[in-house]
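Next comes my_file18.csv, with CSV, C-alpha atoms.
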chain,number,residue,atom,x,y,z
W,17,SER,CA,97.3,3.5,108.1
W,18,PRO,CA,99.4,4.1,104.9
W,19,LEU,CA,98.5,7.8,105.2
W,20,ALA,CA,100.3,8.2,108.5
W,21,ASN,CA,103.8,7.3,107.4
W,22,LEU,CA,105.3,9.7,104.9
W,23,LYS,CA,106.6,12.2,107.4
W,24,ALA,CA,108.7,9.6,109.3
W,25,PRO,CA,110.7,8.5,106.2
W,26,LEU,CA,111.1,12.1,105.1
W,27,ARG,CA,112.4,13.0,108.5
W,28,ARG,CA,114.8,10.0,108.5
W,29,ALA,CA,115.9,10.5,104.8
W,30,ASP,CA,116.6,14.2,105.4
W,31,ALA,CA,118.7,13.4,108.5
W,32,ASP,CA,120.6,10.5,106.9
W,33,VAL,CA,121.7,12.1,103.7
W,34,SER,CA,121.8,15.8,104.1
W,35,GLU,CA,124.5,16.7,106.5
W,36,ALA,CA,127.4,14.7,104.9
W,37,SER,CA,126.5,15.6,101.3
W,38,PHE,CA,125.8,19.2,102.3
W,39,GLU,CA,129.3,19.6,103.9
W,40,ALA,CA,131.0,18.0,100.9
W,41,CYS,CA,129.4,20.4,98.4
W,42,ASP,CA,130.7,23.7,97.3
W,43,LYS,CA,127.3,25.1,96.2
W,44,LYS,CA,125.4,25.2,99.6
W,45,LYS,CA,122.2,26.8,98.3
W,46,GLU,CA,121.8,24.4,95.5
W,47,ILE,CA,122.7,21.2,97.4
W,48,ARG,CA,120.4,22.1,100.3
W,49,ALA,CA,117.4,22.3,98.0
W,50,LEU,CA,118.3,19.3,95.9
W,51,LEU,CA,118.9,17.1,99.0
W,52,PHE,CA,115.6,18.1,100.5
W,53,GLY,CA,113.9,17.3,97.2
W,54,LEU,CA,115.8,14.0,97.0
W,55,SER,CA,114.7,13.2,100.6
W,56,PHE,CA,111.1,13.9,99.6
W,57,PHE,CA,111.3,11.7,96.5
W,58,HIS,CA,112.8,8.9,98.6
W,59,ALA,CA,110.1,9.1,101.2
W,60,CYS,CA,107.5,9.0,98.5
W,61,VAL,CA,108.8,6.0,96.7
W,62,VAL,CA,109.4,4.1,99.9
W,63,SER,CA,106.0,4.9,101.3
W,64,ARG,CA,104.0,4.3,98.2
W,65,HIS,CA,104.1,0.5,98.6
W,66,LYS,CA,101.7,0.9,101.5
W,67,PHE,CA,98.9,1.4,99.0
W,68,GLY,CA,99.3,-2.1,97.7
W,69,SER,CA,99.0,-2.7,94.0
W,70,GLN,CA,97.8,1.0,93.6
W,71,GLY,CA,101.3,2.0,94.9
W,72,TRP,CA,103.7,-0.3,93.1
W,73,SER,CA,102.8,-3.4,91.1
W,74,ARG,CA,105.3,-5.4,93.2
W,75,SER,CA,107.5,-4.9,96.2
W,76,TYR,CA,110.8,-3.1,95.5
W,77,GLY,CA,113.9,-2.9,97.7
W,78,PHE,CA,114.4,0.8,97.8
W,79,ASN,CA,116.8,1.6,100.7
W,80,PHE,CA,118.8,4.3,102.3
W,81,GLY,CA,121.9,3.2,100.3
W,82,ASP,CA,120.0,4.4,97.2
W,83,LEU,CA,119.4,7.7,98.9
W,84,ALA,CA,123.0,8.2,100.2
W,85,ILE,CA,124.6,7.4,96.8
W,86,SER,CA,122.1,9.7,95.1
W,87,GLY,CA,123.0,12.4,97.5
W,88,ASN,CA,126.7,11.9,96.7
W,89,VAL,CA,125.8,12.0,92.9
W,90,LEU,CA,124.1,15.4,93.4
W,91,CYS,CA,127.1,16.7,95.3
W,92,ASN,CA,129.6,15.5,92.7
W,93,TYR,CA,127.6,16.9,89.8
W,94,LEU,CA,127.2,20.3,91.5
W,95,ASN,CA,130.9,20.4,92.4
W,96,GLY,CA,131.9,19.4,88.8
W,97,ASN,CA,129.6,21.8,86.9
W,98,ASP,CA,128.8,25.5,86.8
W,99,PHE,CA,125.1,24.6,86.4
W,100,VAL,CA,122.8,21.8,87.5
W,101,PRO,CA,122.8,19.1,84.7
W,102,TRP,CA,119.1,18.3,85.3
W,103,LYS,CA,118.8,15.6,82.6
W,104,ASP,CA,121.8,13.7,83.9
W,105,VAL,CA,120.8,14.0,87.5
W,106,ARG,CA,117.3,12.8,86.8
W,107,TYR,CA,118.5,9.9,84.7
W,108,ILE,CA,121.1,8.6,87.2
W,109,ILE,CA,118.7,8.9,90.2
W,110,ALA,CA,115.4,7.8,88.7
W,111,GLU,CA,116.5,5.3,86.1
W,112,VAL,CA,119.8,3.9,87.6
W,113,MET,CA,119.8,4.2,91.4
W,114,TYR,CA,116.0,3.7,92.1
W,115,GLY,CA,115.0,2.4,88.7
W,116,GLY,CA,117.6,-0.4,89.0
W,117,HIS,CA,115.2,-2.0,91.5
W,118,ILE,CA,112.1,-1.6,89.2
W,119,THR,CA,111.1,-4.4,86.8
W,120,ASP,CA,107.6,-3.2,85.7
W,121,GLY,CA,107.4,-0.6,82.9
W,122,TRP,CA,104.5,1.3,84.5
W,123,ASP,CA,106.2,1.5,87.8
W,124,ARG,CA,109.3,2.8,86.1
W,125,ARG,CA,107.2,5.6,84.5
W,126,VAL,CA,105.9,6.6,88.0
W,127,ASP,CA,109.4,6.7,89.4
W,128,ILE,CA,110.7,8.8,86.6
W,129,ALA,CA,107.6,11.1,86.7
W,130,TYR,CA,108.0,11.6,90.5
W,131,LEU,CA,111.6,12.7,90.2
W,132,ALA,CA,110.9,14.9,87.2
W,133,GLU,CA,108.3,16.8,89.2
W,134,ILE,CA,110.8,17.4,92.0
W,135,MET,CA,114.2,17.8,90.3
W,136,LYS,CA,113.7,20.8,88.1
W,137,PRO,CA,114.9,24.5,88.2
W,138,GLU,CA,111.8,25.6,90.1
W,139,ILE,CA,113.0,23.7,93.2
W,140,PHE,CA,115.1,26.8,93.9
W,141,THR,CA,112.1,29.1,93.8
W,142,GLY,CA,109.6,27.5,96.1
W,143,THR,CA,107.8,25.0,93.8
W,144,GLU,CA,105.1,22.8,95.3
W,145,LEU,CA,106.6,19.4,95.9
W,146,ALA,CA,103.1,17.9,96.5
W,147,PRO,CA,99.7,19.4,97.0
W,148,GLY,CA,99.9,21.6,100.1
W,149,PHE,CA,103.7,21.2,100.6
W,150,LYS,CA,105.9,23.9,99.1
W,151,MET,CA,109.7,23.7,98.8
W,152,PRO,CA,111.1,25.9,101.5
W,153,SER,CA,113.6,28.6,100.6
W,154,CYS,CA,117.0,27.1,99.8
W,155,ASN,CA,118.6,30.1,101.6
W,156,GLU,CA,117.6,28.6,105.0
W,157,ASP,CA,120.0,26.6,107.2
W,158,TYR,CA,120.0,22.9,107.9
W,159,ASP,CA,118.1,23.2,111.1
W,160,PHE,CA,115.3,25.2,109.4
W,161,PHE,CA,114.6,22.3,107.1
W,162,ARG,CA,114.3,19.9,110.0
W,163,SER,CA,111.7,22.1,111.7
W,164,TYR,CA,110.0,22.7,108.4
W,165,ILE,CA,109.2,19.0,108.0
W,166,GLU,CA,107.6,19.0,111.5
W,167,GLN,CA,105.7,22.2,111.2
W,168,GLU,CA,104.6,22.4,107.5
W,169,PHE,CA,104.1,18.9,106.4
W,170,PRO,CA,100.5,18.6,105.1
W,171,VAL,CA,97.9,16.1,106.2
W,172,GLU,CA,98.7,12.9,104.3
W,173,THR,CA,96.2,11.9,101.7
W,174,PRO,CA,96.4,9.7,98.6
W,175,GLU,CA,96.8,12.9,96.5
W,176,LEU,CA,100.1,13.6,98.3
W,177,PHE,CA,101.4,10.4,96.5
W,178,GLY,CA,99.8,11.2,93.2
W,179,LEU,CA,97.0,8.7,93.8
W,180,HIS,CA,93.3,9.5,93.7
W,181,THR,CA,90.8,8.8,96.4

Any chance you could give the structure as structure tokens?
Amino acid sequence: SPLANLKAPLRRADADVSEASFEACDKKKEIRALLFGLSFFHACVVSRHKFGSQGWSRSYGFNFGDLAISGNVLCNYLNGNDFVPWKDVRYIIAEVMYGGHITDGWDRRVDIAYLAEIMKPEIFTGTELAPGFKMPSCNEDYDFFRSYIEQEFPVETPELFGLHT
């Protein structure tokens, strides 16, 4: 079932990208939240293909390399700025890293819209990442985020992906 598979890529994405990028970043609170949001974004775009043509119009090769490099981009931008350059971060991740795989204009709009809903200042204050799934406090430690995925992840429905039933 396509509905049973978002938690696994979120769990894997968070484990793969978070620790190394987290350790390399000077702004621990900000990077923790942004990496979790990035992991959620990655899990969504990877899992959306399971809905067939309702998910993506064609198959795209999103991979953990996109995720890892995007995590490094976040770390570098945070270390190099006194603020989060939201527009730059969203452009590089949604339009270059992930968008580089996308050939359909409507699919590109979905990719950009997904990231815009996640990568915004409210990510630091507990925004809802998806219906029924709030961003945890960015003051928590790395292990908390792992257990949060296991304990708080909502029942997976098409709405979780921005699709209608």

Item checked: For segment 58-67 of chain W: contacts at 6 Å, all atoms listed in the file, fewer than 2 positions along chain excluded, given as JSON, numbers by chain -> {"W": [18, 25, 26, 55, 56, 70, 71, 72]}

Exercise. Identify the residues within 9 Å of coordinate (124.0, 16.0, 90.5) (same frame as the file), considering only C-alpha atoms, and give the answer as JSON, numbers by chain.
Key: {"W": [47, 50, 86, 87, 88, 89, 90, 91, 92, 93, 94, 95, 96, 97, 100, 101, 102, 104, 105, 106, 108, 109]}

Atom CA of Glu156 of chain W sits from atom CA of Leu131 of chain W at a separation of 22.5 Å

Considering only C-alpha atoms, can you say which of W:Phe80, W:Phe99, W:Phe52, W:Phe57 comes closest to Tyr130 of chain W?
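Nearest to Tyr130 of chain W: W:Phe57.
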
Residue with the minimum atom-to-atom distance to Gly142 of chain W, picked from W:Gly68, W:Gly53, W:Ala40, W:Arg28 with all atoms listed in the file counted, is W:Gly53

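Checking W:Glu175, W:Glu138, W:Met151, W:Asp98 one by one against Lys43 of chain W, counting all atoms listed in the file, you find the shortest gap at W:Asp98.
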
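Using only C-alpha atoms, the smallest distance between any of W:Lys150, W:Lys45, W:Arg74, W:Lys103 and Ile118 of chain W comes from W:Arg74.
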
A straight line from atom CA of Ala24 of chain W to atom CA of Phe38 of chain W spans 20.8 Å

- Task: Select, from W:Lys136, W:Arg27, W:His117, W:Arg48, the residue with the minimum atom-to-atom distance to Cys154 of chain W, counting all atoms listed in the file.
- Result: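 Of the candidates, the smallest distance to Cys154 of chain W is held by W:Arg48.
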
**OP:** Go ahead and compute the interatomic distance for atom CA of Asp120 of chain W and atom CA of Gly148 of chain W, in Å to one decimal.
**Re:**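 Separation of atom CA of Asp120 of chain W and atom CA of Gly148 of chain W: 29.7 Å.
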
Of W:Cys41, W:Asp127, W:Ser69, W:Ala29, the one sitting nearest Ala84 of chain W when using only C-alpha atoms is W:Ala29
